[in-house]
Amino acid sequence: MKVVKTLKVSPEEFFTLIENSLRYDIEQYGRKAAGEYVLEEGLVYYKKIKYKKKEYRTRTEVKNFQAPWAYQVLIKNEMGNFVISYDISQKEDNEIEVVYQENTVDENGNPNTSLGRRIFGKLQAGRIKHRLSYMEKNIHEQRKKNE
């Protein structure tokens, strides 16, 4: 699934939000303390997630971390393997284009291109657009607090 959205924020502001979310995930759920890890390609952490009353041990590996332009993780658990990425490009002053991609992959990292997955992806696209708008709103609110 691929979602493209223009946001009225800077690349640095958007990527800082991603970094803060990643730090929270690592420290709260991956049980690593601040200072015990470096946000970079190759970082691996484990956490447990609950889905439909079942708990899964999840391995998350940062595959690409190029602030403020690109972020990608590979998530593996009993439900499958997933790749999530954000690619950010500057459009105009204080305006960026975000390309969000989320795909299931096989053990070799090849995307699942089944018809069912494509239909499911289209259903999720609206949820992702809403999440990106919410991220933009949070950045605008943070700007106001800092003024």
# chains A, B, ... in the order shown; residues from 1 in each chain; ligands from 1
>>> closest_atom_pairs(of="range 7-30 of chain A", to="range 126-145 of chain A", cutoff="8 Å", atoms="only C-alpha atoms", output="CSV")
residue,atom,partner,partner_atom,distance
A:Leu7,CA,A:Glu136,CA,6.4
A:Lys8,CA,A:Glu136,CA,7.1
A:Val9,CA,A:Glu136,CA,6.8
A:Glu13,CA,A:Ile139,CA,6.8
A:Phe14,CA,A:Ile139,CA,7.5
A:Leu17,CA,A:Met135,CA,7.7
>>> residues_around(residues="Asn64 in chain A", least_positions_apart="4", cutoff="10 Å", atoms="only C-alpha atoms", output="PyMOL selection string")
chain A and resi 40-43+69-74+85-86
>>> write_last_selection(atoms="C-alpha atoms", output="compact mmCIF listing (two decimals), in the first residue's frame")
# COMPACT_ATOMS: atom_id res chain seq x y z
CA GLU A 40 20.53 4.34 13.04
CA GLU A 41 20.31 1.72 10.33
CA GLY A 42 20.67 -1.76 11.79
CA LEU A 43 19.10 -0.96 15.17
CA TRP A 69 14.44 12.34 4.31
CA ALA A 70 13.93 8.59 4.75
CA TYR A 71 12.92 6.05 7.36
CA GLN A 72 12.18 2.35 6.91
CA VAL A 73 11.65 -0.55 9.30
CA LEU A 74 11.21 -4.29 8.87
CA SER A 85 8.66 3.38 5.10
CA TYR A 86 8.40 7.16 4.97
>>> select_by_dssp(residues="range 44-138 of chain A", states="alpha helix (DSSP H)", output="MDAnalysis selection string")
chainID A and resid 115:138
>>> select_by_dssp(residues="range 16-70 of chain A", states="strand (DSSP E or B)", output="number ranges by chain")
A: 44-51, 54-66, 70
>>> atom_distance(atom1="CA of Asn103 in chain A", atom2="CA of Arg59 in chain A")
16.0 Å
>>> residues_around(residues="range 29-33 of chain A", least_positions_apart="2", cutoff="9 Å", atoms="only C-alpha atoms", output="NGL selection string")
:A and (24-27 or 35-37 or 45-49)
>>> write_last_selection(atoms="N, CA, C and O atoms", output="short mmCIF file (atom, residue, chain, number, x, y, z; two decimals), in the first residue's frame")
data_model
loop_
_atom_site.label_atom_id
_atom_site.label_comp_id
_atom_site.auth_asym_id
_atom_site.auth_seq_id
_atom_site.Cartn_x
_atom_site.Cartn_y
_atom_site.Cartn_z
N TYR A 24 10.02 6.57 21.77
CA TYR A 24 8.97 6.15 22.70
C TYR A 24 8.74 4.65 22.59
O TYR A 24 8.66 3.94 23.59
N ASP A 25 8.62 4.15 21.35
CA ASP A 25 8.39 2.73 21.11
C ASP A 25 9.52 1.89 21.69
O ASP A 25 9.28 0.89 22.37
N ILE A 26 10.76 2.29 21.45
CA ILE A 26 11.92 1.54 21.93
C ILE A 26 11.98 1.55 23.46
O ILE A 26 12.22 0.51 24.08
N GLU A 27 11.73 2.70 24.07
CA GLU A 27 11.87 2.82 25.52
C GLU A 27 10.68 2.23 26.27
O GLU A 27 10.85 1.60 27.31
N GLY A 35 19.86 6.36 25.88
CA GLY A 35 21.30 6.25 26.00
C GLY A 35 21.83 4.84 25.77
O GLY A 35 23.02 4.65 25.56
N GLU A 36 20.94 3.84 25.80
CA GLU A 36 21.36 2.45 25.56
C GLU A 36 21.33 2.09 24.07
O GLU A 36 21.70 0.98 23.72
N TYR A 37 20.88 2.99 23.24
CA TYR A 37 20.75 2.70 21.81
C TYR A 37 21.03 3.96 21.00
O TYR A 37 21.00 5.07 21.53
N TYR A 45 15.19 -3.97 17.89
CA TYR A 45 14.61 -4.08 19.22
C TYR A 45 13.40 -5.01 19.15
O TYR A 45 12.84 -5.25 18.08
N TYR A 46 13.05 -5.55 20.29
CA TYR A 46 11.95 -6.51 20.39
C TYR A 46 10.87 -5.94 21.29
O TYR A 46 11.16 -5.20 22.23
N LYS A 47 9.65 -6.29 21.00
CA LYS A 47 8.53 -5.89 21.85
C LYS A 47 7.42 -6.91 21.68
O LYS A 47 7.43 -7.72 20.76
N LYS A 48 6.47 -6.86 22.58
CA LYS A 48 5.29 -7.71 22.50
C LYS A 48 4.11 -6.84 22.13
O LYS A 48 3.94 -5.75 22.68
N ILE A 49 3.32 -7.32 21.18
CA ILE A 49 2.11 -6.61 20.80
C ILE A 49 0.92 -7.55 20.94
O ILE A 49 1.07 -8.76 20.82
#
>>> decode(residues="range 129-144 of chain A", atoms="all heavy atoms", output="short mmCIF file (atom, residue, chain, number, x, y, z; two decimals), in the first residue's frame")
data_model
loop_
_atom_site.label_atom_id
_atom_site.label_comp_id
_atom_site.auth_asym_id
_atom_site.auth_seq_id
_atom_site.Cartn_x
_atom_site.Cartn_y
_atom_site.Cartn_z
N LYS A 129 -3.84 8.29 5.62
CA LYS A 129 -3.97 9.72 5.30
C LYS A 129 -4.43 10.50 6.53
O LYS A 129 -3.95 11.59 6.80
CB LYS A 129 -4.95 9.93 4.14
CG LYS A 129 -4.36 9.55 2.81
CD LYS A 129 -5.34 9.79 1.68
CE LYS A 129 -4.71 9.37 0.37
NZ LYS A 129 -5.61 9.55 -0.77
N HIS A 130 -5.35 9.92 7.27
CA HIS A 130 -5.83 10.56 8.51
C HIS A 130 -4.68 10.68 9.51
O HIS A 130 -4.51 11.72 10.16
CB HIS A 130 -6.99 9.76 9.10
CG HIS A 130 -7.53 10.33 10.36
ND1 HIS A 130 -8.25 11.49 10.41
CD2 HIS A 130 -7.41 9.90 11.64
CE1 HIS A 130 -8.56 11.77 11.66
NE2 HIS A 130 -8.06 10.82 12.43
N ARG A 131 -3.87 9.62 9.65
CA ARG A 131 -2.73 9.65 10.57
C ARG A 131 -1.72 10.74 10.16
O ARG A 131 -1.22 11.48 11.01
CB ARG A 131 -2.02 8.31 10.62
CG ARG A 131 -0.86 8.33 11.62
CD ARG A 131 0.04 7.12 11.60
NE ARG A 131 -0.66 5.86 11.58
CZ ARG A 131 -0.14 4.75 11.08
NH1 ARG A 131 1.06 4.74 10.55
NH2 ARG A 131 -0.83 3.63 11.11
N LEU A 132 -1.44 10.87 8.86
CA LEU A 132 -0.51 11.90 8.40
C LEU A 132 -1.06 13.30 8.68
O LEU A 132 -0.32 14.19 9.09
CB LEU A 132 -0.21 11.71 6.91
CG LEU A 132 0.61 10.48 6.56
CD1 LEU A 132 0.63 10.26 5.05
CD2 LEU A 132 2.02 10.56 7.11
N SER A 133 -2.36 13.49 8.50
CA SER A 133 -2.98 14.79 8.81
C SER A 133 -2.89 15.08 10.31
O SER A 133 -2.65 16.22 10.72
CB SER A 133 -4.45 14.80 8.38
OG SER A 133 -4.55 14.72 6.98
N TYR A 134 -3.06 14.06 11.12
CA TYR A 134 -2.96 14.21 12.57
C TYR A 134 -1.52 14.58 12.96
O TYR A 134 -1.32 15.42 13.83
CB TYR A 134 -3.40 12.91 13.25
CG TYR A 134 -3.39 12.98 14.75
CD1 TYR A 134 -4.37 13.69 15.44
CD2 TYR A 134 -2.40 12.33 15.49
CE1 TYR A 134 -4.38 13.77 16.82
CE2 TYR A 134 -2.39 12.40 16.88
CZ TYR A 134 -3.37 13.12 17.53
OH TYR A 134 -3.36 13.20 18.90
N MET A 135 -0.54 13.99 12.30
CA MET A 135 0.86 14.32 12.57
C MET A 135 1.12 15.79 12.22
O MET A 135 1.77 16.51 12.97
CB MET A 135 1.79 13.39 11.79
CG MET A 135 1.75 11.95 12.26
SD MET A 135 2.56 10.79 11.14
CE MET A 135 4.28 11.02 11.62
N GLU A 136 0.59 16.23 11.09
CA GLU A 136 0.74 17.63 10.67
C GLU A 136 0.11 18.56 11.71
O GLU A 136 0.71 19.58 12.09
CB GLU A 136 0.09 17.82 9.30
CG GLU A 136 0.12 19.24 8.78
CD GLU A 136 -0.61 19.39 7.47
OE1 GLU A 136 -1.69 18.77 7.30
OE2 GLU A 136 -0.11 20.13 6.61
N LYS A 137 -1.07 18.21 12.17
CA LYS A 137 -1.77 19.02 13.19
C LYS A 137 -0.94 19.12 14.47
O LYS A 137 -0.82 20.19 15.06
CB LYS A 137 -3.13 18.40 13.48
CG LYS A 137 -3.94 19.15 14.51
CD LYS A 137 -5.26 18.44 14.78
CE LYS A 137 -5.98 19.10 15.94
NZ LYS A 137 -7.15 18.35 16.35
N ASN A 138 -0.35 18.00 14.90
CA ASN A 138 0.49 18.02 16.10
C ASN A 138 1.70 18.93 15.94
O ASN A 138 2.08 19.63 16.88
CB ASN A 138 0.97 16.60 16.46
CG ASN A 138 -0.11 15.79 17.13
OD1 ASN A 138 -1.09 16.33 17.63
ND2 ASN A 138 0.05 14.48 17.13
N ILE A 139 2.30 18.93 14.77
CA ILE A 139 3.45 19.81 14.52
C ILE A 139 3.00 21.27 14.60
O ILE A 139 3.69 22.09 15.20
CB ILE A 139 4.09 19.48 13.15
CG1 ILE A 139 4.77 18.10 13.22
CG2 ILE A 139 5.09 20.56 12.75
CD1 ILE A 139 5.19 17.53 11.89
N HIS A 140 1.86 21.60 14.02
CA HIS A 140 1.36 22.98 14.07
C HIS A 140 1.07 23.41 15.51
O HIS A 140 1.38 24.53 15.90
CB HIS A 140 0.11 23.13 13.21
CG HIS A 140 0.40 23.05 11.74
ND1 HIS A 140 -0.56 23.21 10.79
CD2 HIS A 140 1.55 22.82 11.04
CE1 HIS A 140 -0.03 23.10 9.59
NE2 HIS A 140 1.25 22.85 9.72
N GLU A 141 0.51 22.49 16.30
CA GLU A 141 0.24 22.80 17.70
C GLU A 141 1.54 23.01 18.47
O GLU A 141 1.64 23.91 19.32
CB GLU A 141 -0.59 21.69 18.35
CG GLU A 141 -2.02 21.67 17.87
CD GLU A 141 -2.82 20.47 18.35
OE1 GLU A 141 -2.26 19.59 19.05
OE2 GLU A 141 -4.01 20.39 17.99
N GLN A 142 2.56 22.20 18.18
CA GLN A 142 3.86 22.35 18.84
C GLN A 142 4.50 23.69 18.48
O GLN A 142 5.11 24.34 19.32
CB GLN A 142 4.79 21.19 18.46
CG GLN A 142 6.05 21.13 19.27
CD GLN A 142 5.78 20.93 20.75
OE1 GLN A 142 4.94 20.13 21.15
NE2 GLN A 142 6.48 21.67 21.59
N ARG A 143 4.36 24.11 17.23
CA ARG A 143 4.88 25.42 16.80
C ARG A 143 4.26 26.53 17.65
O ARG A 143 4.96 27.45 18.07
CB ARG A 143 4.52 25.69 15.34
CG ARG A 143 5.42 25.11 14.33
CD ARG A 143 4.99 25.61 12.97
NE ARG A 143 5.52 24.81 11.91
CZ ARG A 143 5.05 24.81 10.67
NH1 ARG A 143 4.01 25.58 10.36
NH2 ARG A 143 5.60 24.07 9.75
N LYS A 144 2.95 26.47 17.83
CA LYS A 144 2.25 27.50 18.60
C LYS A 144 2.75 27.55 20.02
O LYS A 144 2.91 28.62 20.61
CB LYS A 144 0.74 27.27 18.57
CG LYS A 144 0.11 27.58 17.25
CD LYS A 144 -1.38 27.30 17.26
CE LYS A 144 -1.98 27.55 15.89
NZ LYS A 144 -3.40 27.19 15.83
#
